[in-house]
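Enquirer: Structure in structure tokens, see below.
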Amino acid sequence: MIIIGEKINGSIPSVAKAIAEKDADFIKNLAIAQTQAGATYIDVCASVEDSIELEVMKWLIDLVQQVSDLPIAVDSPNAKTCVEAMAYCNKPGLINSVSGEGDKMDIVFPKIAETKWDVVALLNGNKGIPKTAADRLEVFNEIMDKAKQYNIAPERFHIDPLVEMLCTAEDGISVVNEVISTIKKEYPTIHITGAISNISFNLPVRKLVNQAFLVLAMNAGLDSAILDPLNRDMMGMMYATEACLGKDYYCINYITAYRENKFGPVK
């Protein structure tokens, strides 16, 4: 499972405070903790006003790279900020994100085409979030058609089927599951990702909903997730689900992660 550590995000009040006060140690400690917990990428999202976003992104990326060798997931709704921030990264990482909206693909794809950078692609377009699986898959096909123009291989994509609040969904996660399973059937090497905690907004005991969704989505084909790697219950559920799905030979990864204290009771 590919884990995109979500903790360094300016939309989180404690991180926003650290950014405002230039608290470098706070940011470094978040990077260290996520690295030790088993993250694959460290997501870096400034969530500040446009005029200072790139400057803040550079500051955050520099701090993370001082204490972690993990690749960076450059996270911004502004595609230009994403491609400009690539220059601050020591190694290829992950662009988070593009979509079928506006000219985002035309900005990002030429910049990553001849590189080893991967990219998150959201299945929304100029009309917002499609309500049906068929409409989301139509956006997906547009994204892949554009990718072919730049010879960007499917395995470099992390497709986000758009995880929405469960409490406003009429049919649970059936749309998301249909999108995931259809894409994985057509493109077995492509990655499917998503912000796991989106599912539980405005619900009590959110961690239970998050864990239930993770299991169901992994069963449908999710193999990448934007989540908190410091959440030991979530990490344990992920390793257990991989084992139950036959994706962990003799449960070696599950046993190893437990021995390395990545989930379970704090040792």
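Residues in the structure tokens are named by chain (A, B, ... in the order shown) and by number from 1 within that chain; ligands are numbered from 1 in the order shown.
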Report as a ChimeraX atom specification: the residues of segment 47-267 of chain A with a DSSP assignment of alpha helix (DSSP H), based on the backbone of this structure.
Expert: /A:50-67,79-85,104-112,133-149,174-186,206-220,232-244,252-259
Enquirer: For Ala257 of chain A, work out the shell of residues within 12 Å, counting only C-alpha atoms and skipping chain neighbours fewer than 2 positions away, then give it as a PDB file with C-alpha atoms, in the first residue's frame.
Expert:
```pdb
ATOM      1  CA  GLN A  36       9.153   6.378  10.937  1.00  0.00           C
ATOM      2  CA  ALA A  37       5.472   5.370  10.803  1.00  0.00           C
ATOM      3  CA  GLY A  38       5.825   3.968   7.292  1.00  0.00           C
ATOM      4  CA  ARG A 232      -1.974   3.325  14.541  1.00  0.00           C
ATOM      5  CA  MET A 235      -2.252   1.537   9.798  1.00  0.00           C
ATOM      6  CA  GLY A 236      -3.063  -1.744  11.526  1.00  0.00           C
ATOM      7  CA  MET A 237      -6.281  -2.071   9.573  1.00  0.00           C
ATOM      8  CA  MET A 238      -4.396  -1.437   6.333  1.00  0.00           C
ATOM      9  CA  TYR A 239      -1.801  -4.153   7.007  1.00  0.00           C
ATOM     10  CA  ALA A 240      -4.504  -6.587   8.149  1.00  0.00           C
ATOM     11  CA  ALA A 243      -3.063  -9.822   4.424  1.00  0.00           C
ATOM     12  CA  ASP A 248       0.909 -10.125   1.867  1.00  0.00           C
ATOM     13  CA  CYS A 251       1.515 -12.188   6.417  1.00  0.00           C
ATOM     14  CA  ILE A 252       5.187 -11.167   6.446  1.00  0.00           C
ATOM     15  CA  ASN A 253       4.468  -7.443   6.060  1.00  0.00           C
ATOM     16  CA  TYR A 254       1.814  -7.552   8.785  1.00  0.00           C
ATOM     17  CA  ILE A 255       4.142  -9.308  11.218  1.00  0.00           C
ATOM     18  CA  ARG A 259       7.348  -5.883  15.282  1.00  0.00           C
ATOM     19  CA  GLU A 260       8.471  -2.438  14.114  1.00  0.00           C
ATOM     20  CA  ASN A 261       5.742  -0.921  16.311  1.00  0.00           C
ATOM     21  CA  LYS A 262       3.833   0.673  13.401  1.00  0.00           C
ATOM     22  CA  PHE A 263       0.461  -0.380  14.803  1.00  0.00           C
ATOM     23  CA  GLY A 264      -1.112  -2.052  17.822  1.00  0.00           C
TER      24      GLY A 264
END
```
Enquirer: For segment 102-108 of chain A, please output as a PyMOL selection string all residues within 10 Å (counting only C-alpha atoms; exclusion window: fewer than 4 positions along the same chain).
Expert: chain A and resi 77-84+95+97-98+112-113+119+121+125-126+143+146-147+150
Enquirer: Show me, as an MDAnalysis selection string, the residues that have an atom within 12 Å of Lys207 of chain A when counting only C-alpha atoms, minus same-chain residues fewer than 4 positions from it.
Expert: chainID A and resid 196:203 211:214 227:228 231:235 237
Enquirer: Just write the chosen residues, C-alpha atoms, as a PDB file, in the first residue's frame.
Expert:
```pdb
ATOM      1  CA  ILE A 196      -9.618   8.522   3.367  1.00  0.00           C
ATOM      2  CA  SER A 197     -10.911  10.881   6.053  1.00  0.00           C
ATOM      3  CA  ASN A 198     -13.171  12.722   3.579  1.00  0.00           C
ATOM      4  CA  ILE A 199     -15.660   9.884   3.937  1.00  0.00           C
ATOM      5  CA  SER A 200     -16.449  10.620   7.596  1.00  0.00           C
ATOM      6  CA  PHE A 201     -16.953  14.404   7.717  1.00  0.00           C
ATOM      7  CA  ASN A 202     -19.859  15.403   9.988  1.00  0.00           C
ATOM      8  CA  LEU A 203     -20.198  11.899  11.450  1.00  0.00           C
ATOM      9  CA  GLN A 211     -11.477   2.191   8.776  1.00  0.00           C
ATOM     10  CA  ALA A 212     -14.592   0.609   7.263  1.00  0.00           C
ATOM     11  CA  PHE A 213     -14.162   2.640   4.084  1.00  0.00           C
ATOM     12  CA  LEU A 214     -10.470   1.758   3.827  1.00  0.00           C
ATOM     13  CA  LEU A 227      -4.043   9.449   5.324  1.00  0.00           C
ATOM     14  CA  ASP A 228      -2.419   9.994   8.715  1.00  0.00           C
ATOM     15  CA  ASN A 231      -2.961   6.759  13.232  1.00  0.00           C
ATOM     16  CA  ARG A 232      -1.974   3.325  14.541  1.00  0.00           C
ATOM     17  CA  ASP A 233      -5.477   1.889  14.248  1.00  0.00           C
ATOM     18  CA  MET A 234      -5.699   2.889  10.588  1.00  0.00           C
ATOM     19  CA  MET A 235      -2.252   1.537   9.798  1.00  0.00           C
ATOM     20  CA  MET A 237      -6.281  -2.071   9.573  1.00  0.00           C
TER      21      MET A 237
END
```
Enquirer: Counting only C-alpha atoms, which residues of segment 81-110 of chain A sit at most 12 Å from some atom of segment 155-171 of chain A, and what is each one's closest atom pair with its distance in Å to one decimal, listed by chain and rising residue number, as CSV?
Expert:
```
residue,atom,partner,partner_atom,distance
A:Pro92,CA,A:Arg156,CA,11.4
A:Gly93,CA,A:Arg156,CA,10.4
A:Leu94,CA,A:Arg156,CA,9.0
A:Ile95,CA,A:His158,CA,9.6
A:Asn96,CA,A:His158,CA,9.2
A:Ser97,CA,A:His158,CA,9.3
A:Val98,CA,A:Ile159,CA,9.7
A:Ser99,CA,A:Asp160,CA,9.2
A:Gly100,CA,A:Ile159,CA,11.7
A:Phe109,CA,A:Phe157,CA,11.2
```
Enquirer: Filtering to N, CA and C atoms, could you give me those residues as a CSV table (one decimal), in the first residue's frame?
Expert:
```csv
chain,number,residue,atom,x,y,z
A,92,PRO,N,12.5,12.9,-7.7
A,92,PRO,CA,11.1,12.8,-8.2
A,92,PRO,C,10.1,12.4,-7.1
A,93,GLY,N,9.0,13.0,-7.1
A,93,GLY,CA,7.9,12.7,-6.2
A,93,GLY,C,6.6,12.6,-6.8
A,94,LEU,N,5.6,13.2,-6.2
A,94,LEU,CA,4.2,13.1,-6.7
A,94,LEU,C,3.6,14.5,-6.8
A,95,ILE,N,3.0,14.8,-7.9
A,95,ILE,CA,2.2,16.0,-8.1
A,95,ILE,C,0.8,15.8,-7.6
A,96,ASN,N,0.3,16.6,-6.7
A,96,ASN,CA,-1.0,16.4,-6.1
A,96,ASN,C,-1.7,17.8,-6.2
A,97,SER,N,-2.4,18.1,-7.3
A,97,SER,CA,-2.9,17.1,-8.3
A,97,SER,C,-3.3,17.8,-9.6
A,98,VAL,N,-3.8,17.0,-10.5
A,98,VAL,CA,-4.4,17.5,-11.7
A,98,VAL,C,-5.9,17.0,-11.7
A,99,SER,N,-6.6,17.4,-12.7
A,99,SER,CA,-8.0,16.9,-12.9
A,99,SER,C,-8.4,17.3,-14.3
A,100,GLY,N,-9.7,17.0,-14.6
A,100,GLY,CA,-10.2,17.4,-15.9
A,100,GLY,C,-10.6,18.8,-15.9
A,109,PHE,N,1.3,18.0,-17.3
A,109,PHE,CA,1.8,16.9,-18.1
A,109,PHE,C,3.1,17.2,-18.9
```
Enquirer: Excluding Gln65 of chain A and residues on its chain fewer than 4 positions from it, collect all residues at most 8 Å away from it, counting only C-alpha atoms, and give them as a list in words.
Expert: Ile61, Asp69, Leu70, Cys89 and Asn90 of chain A
Enquirer: Can you list every residue in segment 10-222 of chain A that DSSP puts in strand (DSSP E or B), as number ranges by chain?
Expert: A: 41-45, 72-75, 94-100, 118-125, 128, 157-160, 191-192, 195
Enquirer: Could you save the residues just selected, with C-alpha atoms, as a PDB file, in the first residue's frame?
Expert:
```pdb
ATOM      1  CA  TYR A  41       5.497  10.076   0.401  1.00  0.00           C
ATOM      2  CA  ILE A  42       5.380  13.176   2.598  1.00  0.00           C
ATOM      3  CA  ASP A  43       2.590  15.416   1.346  1.00  0.00           C
ATOM      4  CA  VAL A  44       3.383  19.138   1.594  1.00  0.00           C
ATOM      5  CA  CYS A  45       0.497  21.566   1.288  1.00  0.00           C
ATOM      6  CA  ILE A  72       7.634  14.795  -1.592  1.00  0.00           C
ATOM      7  CA  ALA A  73       4.017  14.942  -2.697  1.00  0.00           C
ATOM      8  CA  VAL A  74       3.701  18.557  -3.850  1.00  0.00           C
ATOM      9  CA  ASP A  75       0.138  19.482  -2.963  1.00  0.00           C
ATOM     10  CA  LEU A  94       4.224  13.103  -6.660  1.00  0.00           C
ATOM     11  CA  ILE A  95       2.221  16.022  -8.076  1.00  0.00           C
ATOM     12  CA  ASN A  96      -1.016  16.433  -6.111  1.00  0.00           C
ATOM     13  CA  SER A  97      -2.894  17.091  -8.276  1.00  0.00           C
ATOM     14  CA  VAL A  98      -4.427  17.487 -11.741  1.00  0.00           C
ATOM     15  CA  SER A  99      -8.013  16.936 -12.878  1.00  0.00           C
ATOM     16  CA  GLY A 100     -10.207  17.400 -15.901  1.00  0.00           C
ATOM     17  CA  ASP A 118       4.030  10.534 -10.574  1.00  0.00           C
ATOM     18  CA  VAL A 119       0.744  12.434 -10.439  1.00  0.00           C
ATOM     19  CA  VAL A 120      -2.576  12.332  -8.608  1.00  0.00           C
ATOM     20  CA  ALA A 121      -5.542  12.836 -10.950  1.00  0.00           C
ATOM     21  CA  LEU A 122      -8.977  13.758  -9.597  1.00  0.00           C
ATOM     22  CA  LEU A 123     -12.005  12.722 -11.626  1.00  0.00           C
ATOM     23  CA  ASN A 124     -13.748  16.083 -11.591  1.00  0.00           C
ATOM     24  CA  GLY A 125     -14.111  18.405 -14.559  1.00  0.00           C
ATOM     25  CA  GLY A 128     -17.620  20.039 -10.741  1.00  0.00           C
ATOM     26  CA  PHE A 157      -0.996   7.842 -12.094  1.00  0.00           C
ATOM     27  CA  HIS A 158      -2.771   7.808  -8.747  1.00  0.00           C
ATOM     28  CA  ILE A 159      -6.423   8.178  -9.702  1.00  0.00           C
ATOM     29  CA  ASP A 160      -8.667   9.781  -7.085  1.00  0.00           C
ATOM     30  CA  HIS A 191      -2.816   3.317  -8.783  1.00  0.00           C
ATOM     31  CA  ILE A 192      -6.052   4.311  -7.063  1.00  0.00           C
ATOM     32  CA  ALA A 195      -8.251  11.175   1.010  1.00  0.00           C
TER      33      ALA A 195
END
```
Enquirer: With only C-alpha atoms as the atoms that count, which of A:Val48, A:Asp145, A:Asn151, A:Gly221 lies nearest to Glu114 of chain A?
Expert: A:Asn151
Enquirer: For each of A:Ala87, A:Val175, A:Ile19, A:Ile190, take the minimum atom-to-atom distance to Ala153 of chain A, counting only C-alpha atoms, then give the residue where this is smallest.
Expert: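 Of the candidates, the smallest distance to Ala153 of chain A is held by A:Ile190.
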Enquirer: Any idea what the distance is between atom CA of Glu53 of chain A and atom CA of Lys22 of chain A?
Expert: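 The value is 14.0 Å.
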